[in-house]
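**Q** To be precise about what I am sending: the file is called work-v3.cif and holds mmCIF, C-alpha atoms.
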data_data
#
loop_
_atom_site.label_atom_id
_atom_site.label_comp_id
_atom_site.auth_asym_id
_atom_site.auth_seq_id
_atom_site.Cartn_x
_atom_site.Cartn_y
_atom_site.Cartn_z
CA MET A 1 68.41 107.65 78.15
CA THR A 2 71.48 109.36 79.53
CA ALA A 3 74.72 107.65 80.45
CA PRO A 4 76.04 107.93 84.00
CA ALA A 5 78.40 110.79 84.63
CA THR A 6 82.08 109.91 84.55
CA PHE A 7 85.30 111.77 84.96
CA PRO A 8 86.97 112.83 81.72
CA ALA A 9 89.65 110.38 80.67
CA SER A 10 92.40 113.01 80.67
CA SER A 11 95.86 112.30 79.35
CA THR A 12 97.27 112.95 82.85
CA LEU A 13 95.00 110.31 84.37
CA ARG A 14 95.86 107.87 81.63
CA ARG A 15 99.56 108.42 82.15
CA PHE A 16 99.14 107.95 85.90
CA ALA A 17 97.29 104.67 85.39
CA GLU A 18 99.86 103.47 82.87
CA ARG A 19 102.79 104.27 85.17
CA VAL A 20 101.29 102.59 88.21
CA THR A 21 100.37 99.54 86.14
CA ALA A 22 103.84 99.40 84.58
CA LEU A 23 105.44 99.60 88.02
CA ALA A 24 103.26 96.78 89.34
CA ASP A 25 104.02 94.65 86.27
CA ALA A 26 107.80 95.19 86.35
CA PRO A 27 109.75 91.89 86.55
CA ILE A 28 110.68 91.97 90.24
CA PRO A 29 107.29 93.12 91.67
CA ALA A 30 105.46 90.73 89.34
CA ALA A 31 107.71 87.83 90.33
CA ILE A 32 107.25 88.52 94.04
CA ARG A 33 103.48 88.65 93.56
CA ALA A 34 103.51 85.43 91.53
CA GLY A 35 105.74 83.69 94.06
CA VAL A 36 103.48 84.52 96.99
CA VAL A 37 100.40 83.43 95.05
CA ALA A 38 102.13 80.18 94.07
CA VAL A 39 102.47 79.05 97.70
CA VAL A 40 98.86 79.82 98.65
CA PRO A 41 97.82 76.22 97.80
CA LEU A 42 100.25 75.09 100.50
CA THR A 43 98.43 77.21 103.07
CA ILE A 44 95.11 75.80 101.86
CA VAL A 45 96.18 72.15 102.14
CA GLY A 46 98.00 72.78 105.41
CA GLY A 47 94.94 74.60 106.71
CA LEU A 48 92.69 71.68 105.82
CA PHE A 49 94.86 69.32 107.82
CA MET A 50 94.72 71.78 110.74
CA LEU A 51 90.94 71.82 110.50
CA ILE A 52 90.86 68.03 110.56
CA ALA A 53 93.30 67.85 113.47
CA HIS A 54 91.46 70.56 115.39
CA PRO A 55 87.81 70.57 114.27
CA PRO A 56 85.54 73.36 115.54
CA LEU A 57 83.31 70.87 117.43
CA PRO A 58 84.74 70.04 120.89
CA ALA A 59 83.39 66.48 120.93
CA LEU A 60 84.90 65.74 117.52
CA GLU A 61 88.21 67.32 118.53
CA ARG A 62 88.41 65.05 121.59
CA ALA A 63 87.76 62.03 119.38
CA ILE A 64 90.50 63.01 116.92
CA ALA A 65 93.00 64.08 119.61
CA PRO A 66 94.99 60.78 119.54
CA TRP A 67 95.56 61.25 115.81
CA ALA A 68 96.36 64.97 115.97
CA PRO A 69 100.18 64.61 116.03
CA LEU A 70 100.05 62.50 112.88
CA LEU A 71 97.67 64.91 111.15
CA GLU A 72 99.91 67.85 111.98
CA ILE A 73 102.86 66.50 109.98
CA PRO A 74 101.52 67.94 106.69
CA VAL A 75 101.08 71.25 108.53
CA THR A 76 104.79 71.30 109.31
CA ALA A 77 105.61 70.32 105.73
CA THR A 78 103.62 73.30 104.41
CA PHE A 79 103.54 76.17 106.91
CA GLY A 80 106.82 75.09 108.52
CA LEU A 81 108.71 75.36 105.21
CA LEU A 82 106.73 78.20 103.69
CA ALA A 83 109.69 80.60 103.30
CA LEU A 84 111.72 78.00 101.40
CA PHE A 85 108.88 77.46 98.93
CA VAL A 86 108.48 81.23 98.52
CA ALA A 87 112.17 81.52 97.61
CA LEU A 88 111.85 78.75 95.02
CA ALA A 89 108.64 80.15 93.54
CA VAL A 90 109.92 83.73 93.25
CA ALA A 91 113.17 82.53 91.66
CA HIS A 92 111.31 80.34 89.18
CA ASP A 93 109.11 83.19 88.00
CA LEU A 94 111.81 85.87 87.97
CA GLY A 95 114.26 83.56 86.22
CA GLY A 96 111.82 83.14 83.36
CA ARG A 97 111.21 86.88 83.15
CA ARG A 98 114.97 87.50 83.01
CA GLY A 99 115.44 84.91 80.28
CA GLN A 100 117.35 82.48 82.50
CA ASP A 101 117.00 78.75 82.88
CA ARG A 102 114.24 78.46 85.50
CA LEU A 103 115.60 75.26 87.05
CA SER A 104 119.02 76.85 87.56
CA SER A 105 117.38 79.92 89.09
CA VAL A 106 115.48 77.73 91.54
CA VAL A 107 118.65 75.84 92.53
CA LEU A 108 120.65 79.05 93.02
CA ALA A 109 117.95 80.64 95.16
CA GLY A 110 117.27 77.48 97.16
CA VAL A 111 120.90 76.82 98.05
CA SER A 112 121.49 80.49 98.89
CA PHE A 113 118.45 80.67 101.15
CA LEU A 114 119.38 77.45 102.96
CA LEU A 115 122.87 78.83 103.51
CA VAL A 116 121.65 82.00 105.22
CA SER A 117 119.23 79.89 107.27
CA LEU A 118 122.02 77.91 108.92
CA ASP A 119 122.89 78.50 112.56
CA PRO A 120 126.44 79.95 112.70
CA ALA A 121 127.15 78.12 115.96
CA THR A 122 126.05 74.63 114.92
CA ALA A 123 125.77 74.84 111.10
CA ALA A 124 122.32 73.26 111.51
CA LEU A 125 119.20 74.57 109.81
CA ARG A 126 117.09 76.88 111.93
CA MET A 127 113.57 75.61 111.27
CA GLU A 128 112.00 78.88 112.38
CA ALA A 129 113.88 80.64 109.57
CA LEU A 130 112.25 78.33 107.03
CA GLY A 131 108.75 79.20 108.17
CA SER A 132 106.84 82.44 108.47
CA ALA A 133 109.76 84.36 110.01
CA GLY A 134 111.90 83.90 106.90
CA ILE A 135 109.48 84.94 104.16
CA LEU A 136 110.98 88.41 103.61
CA THR A 137 114.49 86.92 103.62
CA ALA A 138 113.41 84.30 101.11
CA ILE A 139 112.13 86.96 98.72
CA LEU A 140 115.30 89.06 99.00
CA VAL A 141 117.63 86.10 98.52
CA ALA A 142 115.65 84.81 95.53
CA VAL A 143 115.73 88.22 93.83
CA ILE A 144 119.46 88.65 94.45
CA ALA A 145 120.22 85.13 93.20
CA VAL A 146 118.37 85.57 89.91
CA GLU A 147 119.65 89.10 89.34
CA VAL A 148 123.25 87.92 89.83
CA GLN A 149 122.60 85.01 87.48
CA ALA A 150 121.12 87.29 84.81
CA PHE A 151 123.86 89.91 85.21
CA MET A 152 126.66 87.38 84.80
CA ALA A 153 124.92 85.86 81.78
CA ARG A 154 124.70 89.29 80.14
CA LYS A 155 128.37 89.98 80.85
CA GLY A 156 129.45 86.59 79.55
CA THR A 157 131.10 85.58 82.84
CA VAL A 158 129.64 82.08 82.79
CA ILE A 159 130.94 78.79 81.44
CA ARG A 160 129.72 78.24 77.89
CA MET A 161 129.65 74.69 76.61
CA PRO A 162 129.83 73.64 72.92
CA GLY A 163 126.56 73.43 71.06
CA GLU A 164 126.65 69.62 70.84
CA VAL A 165 126.49 69.34 74.63
CA PRO A 166 122.95 68.51 75.89
CA GLN A 167 121.03 71.60 77.00
CA ILE A 168 120.56 70.40 80.57
CA VAL A 169 124.30 69.85 80.96
CA ALA A 170 125.10 73.25 79.42
CA GLU A 171 122.71 74.99 81.81
CA SER A 172 124.23 73.27 84.83
CA PHE A 173 127.73 74.42 83.85
CA ALA A 174 126.40 77.94 83.16
CA ALA A 175 125.21 78.06 86.77
CA LEU A 176 128.58 77.13 88.25
CA VAL A 177 130.15 80.60 88.40
CA PRO A 178 126.98 82.38 89.61
CA LEU A 179 126.60 79.68 92.28
CA ALA A 180 130.17 80.20 93.46
CA VAL A 181 129.69 83.97 93.60
CA LEU A 182 126.39 83.72 95.47
CA LEU A 183 127.55 81.18 98.03
CA THR A 184 130.72 83.15 98.68
CA GLY A 185 128.81 86.40 99.08
CA PHE A 186 126.12 85.05 101.39
CA TRP A 187 128.74 83.08 103.36
CA LEU A 188 130.73 86.25 103.95
CA VAL A 189 127.64 88.18 105.03
CA ARG A 190 126.16 85.53 107.31
CA PHE A 191 129.19 83.75 108.78
CA VAL A 192 132.21 86.03 108.41
CA LEU A 193 130.48 89.36 109.13
CA GLY A 194 127.85 87.72 111.33
CA PHE A 195 124.93 89.65 109.83
CA ASP A 196 121.54 87.96 110.23
CA LEU A 197 119.47 88.84 107.15
CA THR A 198 116.22 87.67 108.73
CA ASP A 199 116.69 89.82 111.81
CA GLY A 200 117.87 92.80 109.73
CA LEU A 201 114.83 92.64 107.44
CA ARG A 202 112.55 92.24 110.42
CA ARG A 203 113.92 95.44 111.90
CA LEU A 204 113.78 97.25 108.54
CA PHE A 205 110.17 96.31 107.81
CA GLN A 206 108.98 96.45 111.41
CA PRO A 207 107.08 99.75 110.89
CA LEU A 208 105.22 98.33 107.86
CA VAL A 209 104.60 94.96 109.51
CA PHE A 210 103.25 96.73 112.59
CA ALA A 211 101.17 99.28 110.67
CA LEU A 212 99.34 96.75 108.51
CA ASP A 213 98.03 94.98 111.61
CA THR A 214 96.59 98.19 113.08
CA LEU A 215 93.22 99.73 112.32
CA PRO A 216 94.62 102.97 110.80
CA GLY A 217 97.12 101.02 108.70
CA ILE A 218 94.65 98.54 107.23
CA VAL A 219 92.05 101.28 106.65
CA VAL A 220 94.60 103.27 104.66
CA TYR A 221 95.39 100.14 102.68
CA ALA A 222 91.69 99.52 101.98
CA PHE A 223 91.28 103.12 100.85
CA LEU A 224 94.29 102.94 98.52
CA VAL A 225 93.22 99.65 96.93
CA THR A 226 89.70 100.82 96.12
CA ALA A 227 90.80 104.35 95.19
CA LEU A 228 93.25 102.94 92.64
CA TRP A 229 90.59 100.58 91.27
CA SER A 230 88.19 103.53 90.98
CA PHE A 231 90.59 105.17 88.55
CA GLY A 232 91.08 102.01 86.50
CA VAL A 233 94.29 100.81 88.15
CA ASN A 234 94.41 97.28 89.60
CA GLY A 235 94.85 98.29 93.22
CA ASP A 236 95.51 94.76 94.44
CA ASN A 237 98.34 94.18 91.96
CA ALA A 238 99.80 97.62 92.57
CA LEU A 239 100.15 97.04 96.34
CA ASP A 240 100.52 93.26 96.60
CA THR A 241 104.27 93.33 96.12
CA VAL A 242 104.56 95.21 99.41
CA VAL A 243 101.71 93.77 101.49
CA ALA A 244 101.25 90.18 100.26
CA PRO A 245 104.41 88.83 101.95
CA VAL A 246 103.37 90.50 105.20
CA PHE A 247 99.83 89.12 105.09
CA LEU A 248 101.21 85.67 104.26
CA GLN A 249 103.58 85.89 107.20
CA TYR A 250 100.67 86.86 109.45
CA LEU A 251 98.65 83.85 108.29
CA ALA A 252 101.52 81.42 108.86
CA THR A 253 102.05 82.82 112.37
CA ASN A 254 98.31 82.58 113.12
CA ALA A 255 98.20 79.01 111.83
CA GLU A 256 101.14 77.99 113.99
CA ALA A 257 99.54 79.57 117.06
CA TRP A 258 96.14 78.02 116.37
CA ASP A 259 97.74 74.61 115.81
CA ALA A 260 99.40 74.96 119.21
CA GLY A 261 96.11 75.87 120.87
CA LEU A 262 97.07 79.53 121.31
CA PRO A 263 95.16 82.66 120.24
CA ALA A 264 95.93 83.90 116.73
CA PRO A 265 98.02 87.09 117.18
CA HIS A 266 97.31 88.86 113.87
CA THR A 267 94.00 90.34 112.76
CA THR A 268 94.82 91.24 109.16
CA ALA A 269 96.34 87.93 108.11
CA LEU A 270 95.96 86.70 104.55
CA GLY A 271 92.24 86.18 104.07
CA PHE A 272 91.11 89.16 106.12
CA PHE A 273 90.91 91.56 103.20
CA THR A 274 89.92 89.08 100.48
CA THR A 275 87.17 87.53 102.62
CA PHE A 276 85.91 90.10 105.11
CA VAL A 277 86.36 93.26 103.01
CA ASN A 278 86.08 92.08 99.40
CA VAL A 279 82.65 90.54 99.95
CA GLY A 280 81.57 89.56 96.45
CA GLY A 281 84.47 91.60 95.04
CA THR A 282 86.23 94.79 96.11
CA GLY A 283 83.82 97.36 97.50
CA ALA A 284 81.28 94.61 98.34
CA THR A 285 79.77 95.03 94.88
CA ILE A 286 77.68 91.89 95.24
CA SER A 287 75.29 94.07 97.24
CA LEU A 288 74.99 96.54 94.37
CA ALA A 289 74.27 93.67 91.99
CA LEU A 290 71.50 92.45 94.29
CA LEU A 291 69.97 95.94 94.46
CA LEU A 292 69.97 96.32 90.68
CA LEU A 293 68.67 92.85 89.84
CA ASN A 294 65.23 94.27 89.02
CA SER A 295 66.21 97.75 87.98
CA LEU A 296 63.92 99.57 85.53
CA ASP A 297 67.07 100.55 83.66
CA PRO A 298 67.64 97.66 81.21
CA VAL A 299 71.40 98.14 81.12
CA ALA A 300 71.79 98.05 84.91
CA ARG A 301 69.38 95.13 85.17
CA LYS A 302 71.20 93.08 82.54
CA VAL A 303 74.67 93.86 83.84
CA SER A 304 73.74 92.97 87.43
CA ARG A 305 72.09 89.70 86.41
CA LEU A 306 75.01 88.70 84.22
CA SER A 307 77.59 89.61 86.87
CA LEU A 308 75.91 88.07 89.92
CA PRO A 309 77.03 84.44 89.29
CA ALA A 310 80.65 85.62 88.98
CA GLN A 311 80.32 87.77 92.09
CA LEU A 312 79.37 84.73 94.12
CA PHE A 313 83.00 83.79 93.52
CA GLN A 314 84.38 87.25 94.32
CA ILE A 315 84.77 88.32 90.65
CA ASN A 316 83.18 91.70 90.00
CA GLU A 317 84.79 92.96 86.78
CA PRO A 318 81.58 92.56 84.72
CA LEU A 319 79.73 94.91 87.08
CA PHE A 320 82.72 97.13 87.77
CA PHE A 321 83.34 97.95 84.13
CA GLY A 322 79.82 97.28 82.87
CA LEU A 323 77.86 99.95 84.78
CA PRO A 324 80.59 101.33 85.16
CA ILE A 325 81.91 102.02 88.66
CA VAL A 326 85.34 103.00 87.38
CA LEU A 327 85.62 106.78 86.83
CA ASN A 328 81.96 107.19 87.85
CA PRO A 329 81.88 109.65 90.78
CA LEU A 330 78.36 108.61 91.82
CA LEU A 331 79.39 104.99 92.38
CA MET A 332 83.03 105.49 93.32
CA VAL A 333 82.07 107.00 96.68
CA PRO A 334 80.13 103.99 98.06
CA TYR A 335 82.66 101.65 96.46
CA VAL A 336 85.49 103.10 98.56
CA LEU A 337 83.24 103.73 101.57
CA ASN A 338 82.16 100.10 101.78
CA ALA A 339 85.75 98.88 101.81
CA VAL A 340 86.65 101.28 104.62
CA LEU A 341 83.49 100.43 106.58
CA LEU A 342 83.89 96.64 106.32
CA THR A 343 87.58 96.91 107.14
CA THR A 344 86.83 98.89 110.28
CA THR A 345 83.93 96.79 111.53
CA SER A 346 85.60 93.45 110.80
CA TRP A 347 88.83 94.55 112.49
CA LEU A 348 86.96 95.73 115.59
CA LEU A 349 84.90 92.53 115.83
CA MET A 350 88.08 90.45 115.72
CA GLU A 351 89.87 92.67 118.22
CA TRP A 352 86.91 92.37 120.60
CA GLY A 353 86.88 88.59 120.24
CA LEU A 354 83.43 88.48 118.68
CA VAL A 355 84.70 86.97 115.40
CA GLY A 356 87.66 84.66 114.91
CA ARG A 357 90.81 85.77 113.10
CA PRO A 358 92.08 84.20 109.84
CA VAL A 359 93.94 80.94 110.53
CA VAL A 360 93.34 78.90 107.37
CA GLY A 361 94.35 79.74 103.82
CA ILE A 362 91.48 79.63 101.34
CA PRO A 363 91.20 80.58 97.64
CA TRP A 364 90.17 84.22 97.19
CA THR A 365 87.35 82.95 94.95
CA THR A 366 85.62 81.18 97.85
CA PRO A 367 82.01 82.45 98.06
CA PRO A 368 81.11 84.86 100.87
CA VAL A 369 79.80 83.39 104.14
CA ILE A 370 81.38 80.02 103.29
CA GLY A 371 84.72 81.78 103.07
CA HIS A 372 84.08 83.59 106.35
CA TRP A 373 83.49 80.26 108.07
CA LEU A 374 86.45 78.47 106.51
CA VAL A 375 89.11 81.17 106.88
CA THR A 376 88.46 81.42 110.64
CA GLY A 377 88.75 77.69 111.20
CA GLY A 378 85.01 77.05 111.41
CA ASP A 379 83.80 80.04 113.44
CA TRP A 380 80.01 80.24 112.97
CA ARG A 381 80.04 83.85 114.17
CA ALA A 382 82.19 84.77 111.18
CA ALA A 383 79.60 83.22 108.85
CA VAL A 384 76.86 85.27 110.51
CA TRP A 385 78.98 88.37 110.08
CA GLY A 386 79.39 87.47 106.41
CA VAL A 387 75.62 87.68 105.96
CA LEU A 388 75.40 90.90 107.95
CA SER A 389 78.25 92.37 105.88
CA ILE A 390 76.19 91.99 102.72
CA VAL A 391 73.20 93.62 104.40
CA LEU A 392 75.33 96.46 105.75
CA SER A 393 76.95 97.12 102.38
CA MET A 394 73.53 97.07 100.70
CA ALA A 395 72.51 99.89 103.06
CA VAL A 396 75.55 101.87 101.95
CA TRP A 397 74.90 101.22 98.25
CA TRP A 398 71.13 101.89 98.48
CA PRO A 399 70.94 105.71 98.16
CA PHE A 400 73.65 105.80 95.51
CA ALA A 401 72.02 102.98 93.53
CA ARG A 402 68.70 104.85 93.58
CA ALA A 403 70.39 108.07 92.47
CA TYR A 404 72.19 106.14 89.72
CA GLU A 405 68.92 104.66 88.51
CA ARG A 406 67.10 108.02 88.63
CA ARG A 407 69.84 109.58 86.54
CA ARG A 408 69.64 106.78 84.01
CA LEU A 409 65.84 107.03 83.83
CA ALA A 410 65.55 110.84 83.95
CA PRO A 411 64.36 111.27 80.32
CA VAL A 412 61.88 108.40 80.71
CA SER A 413 60.54 109.79 83.99
CA ALA A 414 60.02 113.22 82.48
CA SER A 415 57.75 111.82 79.76
CA ALA A 416 55.90 109.38 82.01
CA SER A 417 52.73 110.11 83.93
CA PRO A 418 53.07 111.39 87.52
CA SER A 419 51.91 108.05 88.87
CA THR A 420 54.63 106.09 87.08
CA PRO A 421 57.19 104.83 89.62
CA THR A 422 60.79 105.81 88.95
CA SER A 423 62.60 103.24 91.07
CA ALA A 424 63.02 99.52 90.75
CA PHE A 425 63.25 99.22 94.51
CA THR A 426 59.46 99.22 95.01
CA PRO A 427 57.72 95.85 95.48
CA GLU A 428 55.47 96.21 92.43
CA HIS A 429 58.50 96.05 90.17
CA LEU A 430 60.02 92.88 91.61
CA ARG A 431 59.72 90.12 89.10
#
Output the file's structure in the form of structure tokens.
**A**
Amino acid sequence: MTAPATFPASSTLRRFAERVTALADAPIPAAIRAGVVAVVPLTIVGGLFMLIAHPPLPALERAIAPWAPLLEIPVTATFGLLALFVALAVAHDLGGRRGQDRLSSVVLAGVSFLLVSLDPATAALRMEALGSAGILTAILVAVIAVEVQAFMARKGTVIRMPGEVPQIVAESFAALVPLAVLLTGFWLVRFVLGFDLTDGLRRLFQPLVFALDTLPGIVVYAFLVTALWSFGVNGDNALDTVVAPVFLQYLATNAEAWDAGLPAPHTTALGFFTTFVNVGGTGATISLALLLLNSLDPVARKVSRLSLPAQLFQINEPLFFGLPIVLNPLLMVPYVLNAVLLTTTSWLLMEWGLVGRPVVGIPWTTPPVIGHWLVTGGDWRAAVWGVLSIVLSMAVWWPFARAYERRRLAPVSASASPSTPTSAFTPEHLR
């Protein structure tokens, strides 16, 4: 039995994979990724309260309407303060990576972010800056706060207390000088110079924010994610530092609009890619697992059967590395093609109003179809599209899966009688 063809693991390819992985795992990108992931539970809980306040059944929504204002309070406490929590989460993670006291890092970032969120005219907090509009600002402020803290600690420009002083007291005094520097710096920028960080970042990232919500932009993203995975690089981790804050901002904006009874403005909000494109894992590999469940090739059959339970929860590593798909030109093509196809069709269906847009945060491990229904706030059409997505991706995988199986069984087929079937996709071999 022959093994499937793969690309040679050249030293150049290995170095490329190592460099991309190292870049994605550097302290700042890793902390940003961890900070965004850390606040996802807030979007889930806030989304659940939105679903309760605005259920998908009109009769039930009318019955709950008197209680809706009360039910929306947790929505404000989660989505309405999302940027603040992002700042705290990023600072907590980055502070640990930089060897700083995490609590001090959180305090420095939190105070700094609240300072730049004040209205210069009234010195009152601008609530819109604490929500989806301030996510990019929150990330920048948190990174600056921790980097200043770590730099001053390395240079010894902090207050050191005697060893007999309790650790918590020593850490609080060590944060005094960095806090003074940070507050002075952000005060000068925001109030003396009058520069609005949130507006400046919005203008700076406007091309990216715009592109990711367009069909060409999200298709390019889908291609890059699956292409990187095909060469053994975690495509999601490599790109999440850039795109995750944008997708999270989209989701918060959609949730606010949906809660107000308005159409969701963003198609590619957080949940679009993980639910509508990564059906059963990146590349919709759950469909490949279903096709190979009864394969005549024992390796493919065993791998697909072992991986299928995990793929119901969007985890496809057993299949991805077990067949393998990685560095296997025969399976890399449909892997990338499925991501591009599902991205395009899902985007068009949402743009045409045939399927609802993401408005509720859900765990990326939510099973397909159920996830389609939940992430769109209970849109049954999205659930139907979830089923059709699996069927569509099976059609894409089908010829490549048959070719893969024929290649695996070539020696066996050559020695078998002419009447011996060579594909597991015939009814007589289903068992």
**Q** Report as a count of residues only the full result of the PyMOL selection byres ((chain A and resi 140) around 10) when it is applied to this structure.
**A** 18
**Q** Just how far from atom CA of Ala150 of chain A is atom CA of Asp236 of chain A, in Å to one decimal?
**A**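 We find that atom CA of Asp236 of chain A and atom CA of Ala150 of chain A lie 28.4 Å from each other.
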**Q** Using only C-alpha atoms, which residues of segment 125-226 of chain A come within 12 Å of segment 350-365 of chain A, and what is the closest atom pair for each, with the distance in Å to one decimal? Give it as CSV, sorted by chain and residue number.
**A**
residue,atom,partner,partner_atom,distance
A:Asp213,CA,A:Glu351,CA,10.8
A:Thr214,CA,A:Glu351,CA,10.1
A:Leu215,CA,A:Glu351,CA,9.8
**Q** Report the residues retrieved by the PyMOL selection byres ((chain A and resi 268) around 10) from the displayed file, expressed as a list in words.
**A**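 When the PyMOL selection byres ((chain A and resi 268) around 10) is applied to the shown file, the picked residues are Leu212, Asp213, Thr214, Leu215, Ile218, Val246, Phe247, Leu248, Tyr250, Leu251, Pro265, His266, Thr267, Ala269, Leu270, Gly271, Phe272, Phe273, Phe276, Thr343, Ser346, Trp347, Met350, Arg357 and Pro358 of chain A.
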**Q** Near segment 33-36 of chain A, within 7 Å and counting all atoms listed in the file, which residues show up once chain neighbours fewer than 6 positions away are dropped, as number ranges by chain?
**A** A: 86, 89-90, 93, 240-241, 244-245
**Q** Work out how far atom CA of Val242 of chain A is from atom CA of Leu179 of chain A, in Å to one decimal.
**A**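 Atom CA of Val242 of chain A lies 27.9 Å from atom CA of Leu179 of chain A.
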**Q** Choose the residue, out of A:Glu147, A:Met50, A:Leu182, A:Arg406, that has the smallest atom-to-atom separation from Gly261 of chain A; count all atoms listed in the file.
**A**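 Distance minimum relative to Gly261 of chain A lands on A:Met50.
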**Q** Please provide the set of residues having any atom within 12 Å of Ala63 of chain A, restricted to only C-alpha atoms, with same-chain residues fewer than 6 positions apart removed, written as an mmCIF file with C-alpha atoms, in the frame of the given file.
**A**
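Output below, filename selection-v8.cif:
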data_model
loop_
_atom_site.group_PDB
_atom_site.id
_atom_site.type_symbol
_atom_site.label_atom_id
_atom_site.label_comp_id
_atom_site.auth_asym_id
_atom_site.auth_seq_id
_atom_site.Cartn_x
_atom_site.Cartn_y
_atom_site.Cartn_z
ATOM 1 C CA ILE A 52 90.860 68.030 110.560
ATOM 2 C CA ALA A 53 93.300 67.850 113.470
ATOM 3 C CA HIS A 54 91.460 70.560 115.390
ATOM 4 C CA PRO A 55 87.810 70.570 114.270
ATOM 5 C CA LEU A 57 83.310 70.870 117.430
#
**Q** Using the chain letters and numbers from this file, what does the PyMOL selection byres ((chain A and resi 77) around 12) select? Give the answer as a PyMOL selection string.
**A** chain A and resi 42-43+45-47+49+70-76+78-85+127+130-131
**Q** Check the smallest atom-to-atom distance from each of A:Ile159, A:Phe173, A:Thr376, A:Ala289 to Arg301 of chain A using all atoms listed in the file, then report the winner.
**A**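 Going through A:Ile159, A:Phe173, A:Thr376, A:Ala289 one by one, the smallest distance to Arg301 of chain A is for A:Ala289.
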**Q** Using all atoms listed in the file, which of A:Val279, A:Ala38, A:Val146, A:Leu115 sits nearest Thr184 of chain A?
**A**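 Checking each of A:Val279, A:Ala38, A:Val146, A:Leu115 against Thr184 of chain A, counting all atoms listed in the file, the winner is A:Leu115.
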**Q** Using only C-alpha atoms for the distances, tell me which of A:Leu409, A:Ala153, A:Met394, A:Val169 is nearest to Pro298 of chain A.
**A**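 Of A:Leu409, A:Ala153, A:Met394, A:Val169, the one nearest Pro298 of chain A, counting only C-alpha atoms, is A:Leu409.
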**Q** Quick check, in Å to one decimal: how far apart do atom CA of Leu125 of chain A and atom CA of Ala180 of chain A lie?
**A** 20.5 Å
**Q** Just the residues within 12 Å of Gly235 of chain A, please, counting only C-alpha atoms, with nothing from its chain fewer than 2 positions along; format it as a PyMOL selection string.
**A** chain A and resi 17+20-21+23-24+221-233+237-243+282-283+336
